[in-house]
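Everything below concerns the one structure shown next.
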Amino acid sequence: MNSFVESLTVLAKKEGYNTTHIPGVGVFKASESRVREPLCYSQGIFIVAQGAKRIHLEQKTYEYNADNYLVLTLPIPAECETRVVPGEPLLSLLIDIDVSVLHPLVRLFDHYQQTSDSPGELLEARNSLYVSPVTDSFSATVLRLARCLHSPLESEALGKGLVQELLFHILNGEQAAPLFALARHNTHLARLERAMKYMHEHYDQSLDVERLASMANMSPSTFHRNFRNMTSSSPMQYLKKLRLSKARELLQDQGVRVKQAAAEVGYESPTQFSREFKRYFGLTPQAVSYSL
């Protein structure tokens, strides 16, 4: 067992997501393999110590494991599968992307002319996620961050700096254009992120493309096209997947009844909710609820 696995093993006290002493940094544990299933991925950096995961987005498959990490600049509904060797649970470090930390780093890259992509290429960046190989410098920083998480004192004193150092290595890595684009105010990706953030905060409300496009400072047709390019879903399909994923969390994690879950995520008709839930997940809401 390597040092990174040992550190995360201590931190992963339960299945699923475990918080740490650093806000926005968590440890995920899965002891069993999972077949391909719909999942709403959060924006962030996903670094695997043990095990492997695959994301299926339309015709593309992204695999991340101990040899490479995943960067997700926008929250994406996709299909995911988890591969675990018996007795060796999947362990991964999850780090939220804080754009306020990205901005000064990107300015430094610009100052030292270390950005390889032109402004036009960043404006038109079409990928919202990518997988990049783990380098020795990246691995060394990740290990120091994982060890730091064991101590509240070290987390508070060193955590922010280590996250910043890790972001530096990611920006300096392969295929980092989407992360640079996220930090620019005028790129399509950054403008979409503002609208998507609103969707995630108000998914239970009535939303239309015109309003969301206005938030992104785009025409409805341009917004629709760029949204599909980045997420492989139309804005309204994305909203439906988001609502259904939130409803599944209510059913599984909080034992909320089906009608209540439907109402809380913005469905007026429980029948329509149940029909769309089964079509998306392959199971009825009752089948995943604690309160049958």
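Starting from 1 in every chain, residues are counted up; chains themselves are A, B, ... following the order of the structure tokens, and ligands are numbered from 1 as listed.
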Taking only C-alpha atoms into account, produce a table as a Markdown table in which each residue of stretch 13-62 of chain A with an atom at most 12 Å from an atom of stretch 175-179 of chain A appears once, together with its shortest atom pair and the distance in Å to one decimal, ordered by chain and rising number.
```
| residue | atom | partner | partner_atom | distance |
| --- | --- | --- | --- | --- |
| A:Gln43 | CA | A:Leu179 | CA | 11.0 |
| A:Gly44 | CA | A:Leu179 | CA | 10.3 |
| A:Ile45 | CA | A:Leu179 | CA | 10.5 |
```
Produce a file of the selected residues containing C-alpha atoms, as an mmCIF file, in the first residue's frame.
```
data_model
loop_
_atom_site.group_PDB
_atom_site.id
_atom_site.type_symbol
_atom_site.label_atom_id
_atom_site.label_comp_id
_atom_site.auth_asym_id
_atom_site.auth_seq_id
_atom_site.Cartn_x
_atom_site.Cartn_y
_atom_site.Cartn_z
ATOM 1 C CA GLN A 43 -17.343 20.768 -10.787
ATOM 2 C CA GLY A 44 -13.932 19.825 -9.399
ATOM 3 C CA ILE A 45 -10.672 17.882 -9.540
#
```
Spatial neighbours of A:Thr82, 7 Å, only C-alpha atoms, chain gap at least 6 places, as a PyMOL selection string = chain A and resi 33-35+52-54
Export N, CA, C and O atoms of the chosen residues as an mmCIF file, in the first residue's frame?
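Contents of part-v3.cif, as written:
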```cif
data_model
loop_
_atom_site.group_PDB
_atom_site.id
_atom_site.type_symbol
_atom_site.label_atom_id
_atom_site.label_comp_id
_atom_site.auth_asym_id
_atom_site.auth_seq_id
_atom_site.Cartn_x
_atom_site.Cartn_y
_atom_site.Cartn_z
ATOM 1 N N SER A 33 -17.697 -2.355 -6.754
ATOM 2 C CA SER A 33 -17.812 -1.865 -8.122
ATOM 3 C C SER A 33 -19.259 -1.482 -8.402
ATOM 4 O O SER A 33 -20.191 -2.039 -7.819
ATOM 5 N N ARG A 34 -19.439 -0.523 -9.281
ATOM 6 C CA ARG A 34 -20.781 -0.103 -9.704
ATOM 7 C C ARG A 34 -20.848 -0.146 -11.216
ATOM 8 O O ARG A 34 -19.929 0.300 -11.901
ATOM 9 N N VAL A 35 -21.959 -0.683 -11.728
ATOM 10 C CA VAL A 35 -22.134 -0.719 -13.168
ATOM 11 C C VAL A 35 -22.424 0.689 -13.676
ATOM 12 O O VAL A 35 -22.688 1.615 -12.899
ATOM 13 N N ALA A 52 -10.533 2.640 -9.993
ATOM 14 C CA ALA A 52 -10.671 3.364 -11.252
ATOM 15 C C ALA A 52 -12.131 3.711 -11.492
ATOM 16 O O ALA A 52 -13.040 3.012 -11.029
ATOM 17 N N LYS A 53 -12.350 4.803 -12.221
ATOM 18 C CA LYS A 53 -13.699 5.213 -12.600
ATOM 19 C C LYS A 53 -13.703 5.584 -14.076
ATOM 20 O O LYS A 53 -12.678 6.008 -14.631
ATOM 21 N N ARG A 54 -14.868 5.432 -14.689
ATOM 22 C CA ARG A 54 -15.057 5.833 -16.082
ATOM 23 C C ARG A 54 -16.275 6.729 -16.185
ATOM 24 O O ARG A 54 -17.303 6.456 -15.561
#
```
Spatial neighbours of A:Ser233, 10 Å, only C-alpha atoms, chain gap at least 4 places, as a ChimeraX atom specification = /A:57-58,76-78,224-225,227-229,237-239,241
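Between atom CA of A:Thr284 and atom CA of A:Cys40 the separation is 18.0 Å.
Proximity ranking of A:Leu250, A:Ala190, A:Ala262, A:Val84 relative to A:Val99 places A:Ala190 first, based on only C-alpha atoms.
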For A:Val106, which of A:Gln164, A:Ser128, A:Ser214, A:Ser151 is the closest residue, counting only C-alpha atoms?
-> A:Gln164
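Note that atom CA of A:Arg194 and atom CA of A:His103 are 15.6 Å apart.
Ranking A:Ala146, A:Ile47, A:Leu244, A:Met230 by their shortest atom-to-atom distance to A:Val71, with only C-alpha atoms included, puts A:Ile47 first.
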Within 12 Å of A:Ala140, counting only C-alpha atoms, which residues show up once you throw out same-chain ones fewer than 6 positions away? Write them as a ChimeraX atom specification, please.
-> /A:3-4,134,146-147,162,165-166,169
List every residue of stretch 18-232 of chain A that DSSP, applied to the backbone of this structure, assigns to helix (DSSP H, G or I), and report them as a VMD selection string.
-> chain A and resid 99 to 111 119 to 123 136 to 148 152 to 171 177 to 183 188 to 201 209 to 215 220 to 231
Got a sec: who's within 12 Å of A:Arg211, counting only C-alpha atoms, leaving out chain neighbours fewer than 6 positions off, as an MDAnalysis selection string?
-> chainID A and resid 195:196 198:199 217:220 223:224 235
Which residues come within 12 Å of stretch 111-114 of chain A, counting only C-alpha atoms, excluding same-chain residues fewer than 5 positions away, as a PDB file with all heavy atoms, in the first residue's frame?
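Here's the written file selection36.pdb:
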```pdb
ATOM      1  N   PRO A 104      -5.480  34.582  -9.707  1.00  0.00           N
ATOM      2  CA  PRO A 104      -4.094  35.073  -9.581  1.00  0.00           C
ATOM      3  C   PRO A 104      -3.073  34.148 -10.226  1.00  0.00           C
ATOM      4  O   PRO A 104      -2.048  34.612 -10.751  1.00  0.00           O
ATOM      5  CB  PRO A 104      -3.880  35.173  -8.058  1.00  0.00           C
ATOM      6  CG  PRO A 104      -4.936  34.318  -7.451  1.00  0.00           C
ATOM      7  CD  PRO A 104      -6.091  34.351  -8.375  1.00  0.00           C
ATOM      8  N   LEU A 105      -3.344  32.838 -10.228  1.00  0.00           N
ATOM      9  CA  LEU A 105      -2.424  31.906 -10.884  1.00  0.00           C
ATOM     10  C   LEU A 105      -2.414  32.128 -12.391  1.00  0.00           C
ATOM     11  O   LEU A 105      -1.350  32.154 -13.020  1.00  0.00           O
ATOM     12  CB  LEU A 105      -2.831  30.459 -10.563  1.00  0.00           C
ATOM     13  CG  LEU A 105      -2.511  29.959  -9.163  1.00  0.00           C
ATOM     14  CD1 LEU A 105      -3.174  28.604  -8.928  1.00  0.00           C
ATOM     15  CD2 LEU A 105      -1.013  29.852  -8.944  1.00  0.00           C
ATOM     16  N   VAL A 106      -3.604  32.295 -12.958  1.00  0.00           N
ATOM     17  CA  VAL A 106      -3.687  32.522 -14.404  1.00  0.00           C
ATOM     18  C   VAL A 106      -3.016  33.832 -14.787  1.00  0.00           C
ATOM     19  O   VAL A 106      -2.344  33.927 -15.825  1.00  0.00           O
ATOM     20  CB  VAL A 106      -5.163  32.483 -14.855  1.00  0.00           C
ATOM     21  CG1 VAL A 106      -5.308  32.984 -16.295  1.00  0.00           C
ATOM     22  CG2 VAL A 106      -5.710  31.058 -14.748  1.00  0.00           C
ATOM     23  N   PHE A 168      -1.563  24.992  -9.554  1.00  0.00           N
ATOM     24  CA  PHE A 168      -0.458  25.417 -10.424  1.00  0.00           C
ATOM     25  C   PHE A 168       0.010  24.263 -11.301  1.00  0.00           C
ATOM     26  O   PHE A 168       0.193  24.406 -12.515  1.00  0.00           O
ATOM     27  CB  PHE A 168       0.715  25.946  -9.591  1.00  0.00           C
ATOM     28  CG  PHE A 168       1.977  26.125 -10.389  1.00  0.00           C
ATOM     29  CD1 PHE A 168       2.155  27.252 -11.177  1.00  0.00           C
ATOM     30  CD2 PHE A 168       2.968  25.150 -10.370  1.00  0.00           C
ATOM     31  CE1 PHE A 168       3.314  27.414 -11.938  1.00  0.00           C
ATOM     32  CE2 PHE A 168       4.123  25.305 -11.127  1.00  0.00           C
ATOM     33  CZ  PHE A 168       4.290  26.441 -11.911  1.00  0.00           C
ATOM     34  N   LEU A 171      -2.594  23.563 -14.006  1.00  0.00           N
ATOM     35  CA  LEU A 171      -2.534  24.562 -15.078  1.00  0.00           C
ATOM     36  C   LEU A 171      -1.303  24.353 -15.950  1.00  0.00           C
ATOM     37  O   LEU A 171      -1.308  24.669 -17.149  1.00  0.00           O
ATOM     38  CB  LEU A 171      -2.512  25.972 -14.482  1.00  0.00           C
ATOM     39  CG  LEU A 171      -3.824  26.482 -13.886  1.00  0.00           C
ATOM     40  CD1 LEU A 171      -3.579  27.752 -13.071  1.00  0.00           C
ATOM     41  CD2 LEU A 171      -4.860  26.742 -14.982  1.00  0.00           C
ATOM     42  N   ASN A 172      -0.263  23.811 -15.375  1.00  0.00           N
ATOM     43  CA  ASN A 172       0.986  23.574 -16.094  1.00  0.00           C
ATOM     44  C   ASN A 172       0.984  22.233 -16.816  1.00  0.00           C
ATOM     45  O   ASN A 172       1.941  21.888 -17.493  1.00  0.00           O
ATOM     46  CB  ASN A 172       2.162  23.626 -15.115  1.00  0.00           C
ATOM     47  CG  ASN A 172       3.460  24.075 -15.778  1.00  0.00           C
ATOM     48  OD1 ASN A 172       3.450  24.845 -16.719  1.00  0.00           O
ATOM     49  ND2 ASN A 172       4.569  23.568 -15.284  1.00  0.00           N
ATOM     50  N   GLY A 173      -0.113  21.480 -16.660  1.00  0.00           N
ATOM     51  CA  GLY A 173      -0.199  20.147 -17.241  1.00  0.00           C
ATOM     52  C   GLY A 173      -0.794  20.139 -18.636  1.00  0.00           C
ATOM     53  O   GLY A 173      -1.089  21.181 -19.229  1.00  0.00           O
ATOM     54  N   ALA A 176      -4.839  21.762 -20.342  1.00  0.00           N
ATOM     55  CA  ALA A 176      -5.399  22.623 -19.294  1.00  0.00           C
ATOM     56  C   ALA A 176      -6.223  23.793 -19.830  1.00  0.00           C
ATOM     57  O   ALA A 176      -6.718  24.601 -19.040  1.00  0.00           O
ATOM     58  CB  ALA A 176      -4.274  23.157 -18.407  1.00  0.00           C
ATOM     59  N   ALA A 177      -6.413  23.881 -21.135  1.00  0.00           N
ATOM     60  CA  ALA A 177      -7.152  25.004 -21.720  1.00  0.00           C
ATOM     61  C   ALA A 177      -8.529  25.217 -21.086  1.00  0.00           C
ATOM     62  O   ALA A 177      -8.913  26.366 -20.831  1.00  0.00           O
ATOM     63  CB  ALA A 177      -7.279  24.830 -23.235  1.00  0.00           C
ATOM     64  N   PHE A 180      -8.072  27.195 -17.904  1.00  0.00           N
ATOM     65  CA  PHE A 180      -7.756  28.585 -18.214  1.00  0.00           C
ATOM     66  C   PHE A 180      -9.008  29.323 -18.672  1.00  0.00           C
ATOM     67  O   PHE A 180      -9.255  30.467 -18.285  1.00  0.00           O
ATOM     68  CB  PHE A 180      -6.674  28.674 -19.303  1.00  0.00           C
ATOM     69  CG  PHE A 180      -5.271  28.493 -18.798  1.00  0.00           C
ATOM     70  CD1 PHE A 180      -4.626  27.274 -18.898  1.00  0.00           C
ATOM     71  CD2 PHE A 180      -4.588  29.560 -18.230  1.00  0.00           C
ATOM     72  CE1 PHE A 180      -3.335  27.101 -18.428  1.00  0.00           C
ATOM     73  CE2 PHE A 180      -3.290  29.411 -17.758  1.00  0.00           C
ATOM     74  CZ  PHE A 180      -2.657  28.175 -17.861  1.00  0.00           C
TER      75      PHE A 180
END
```
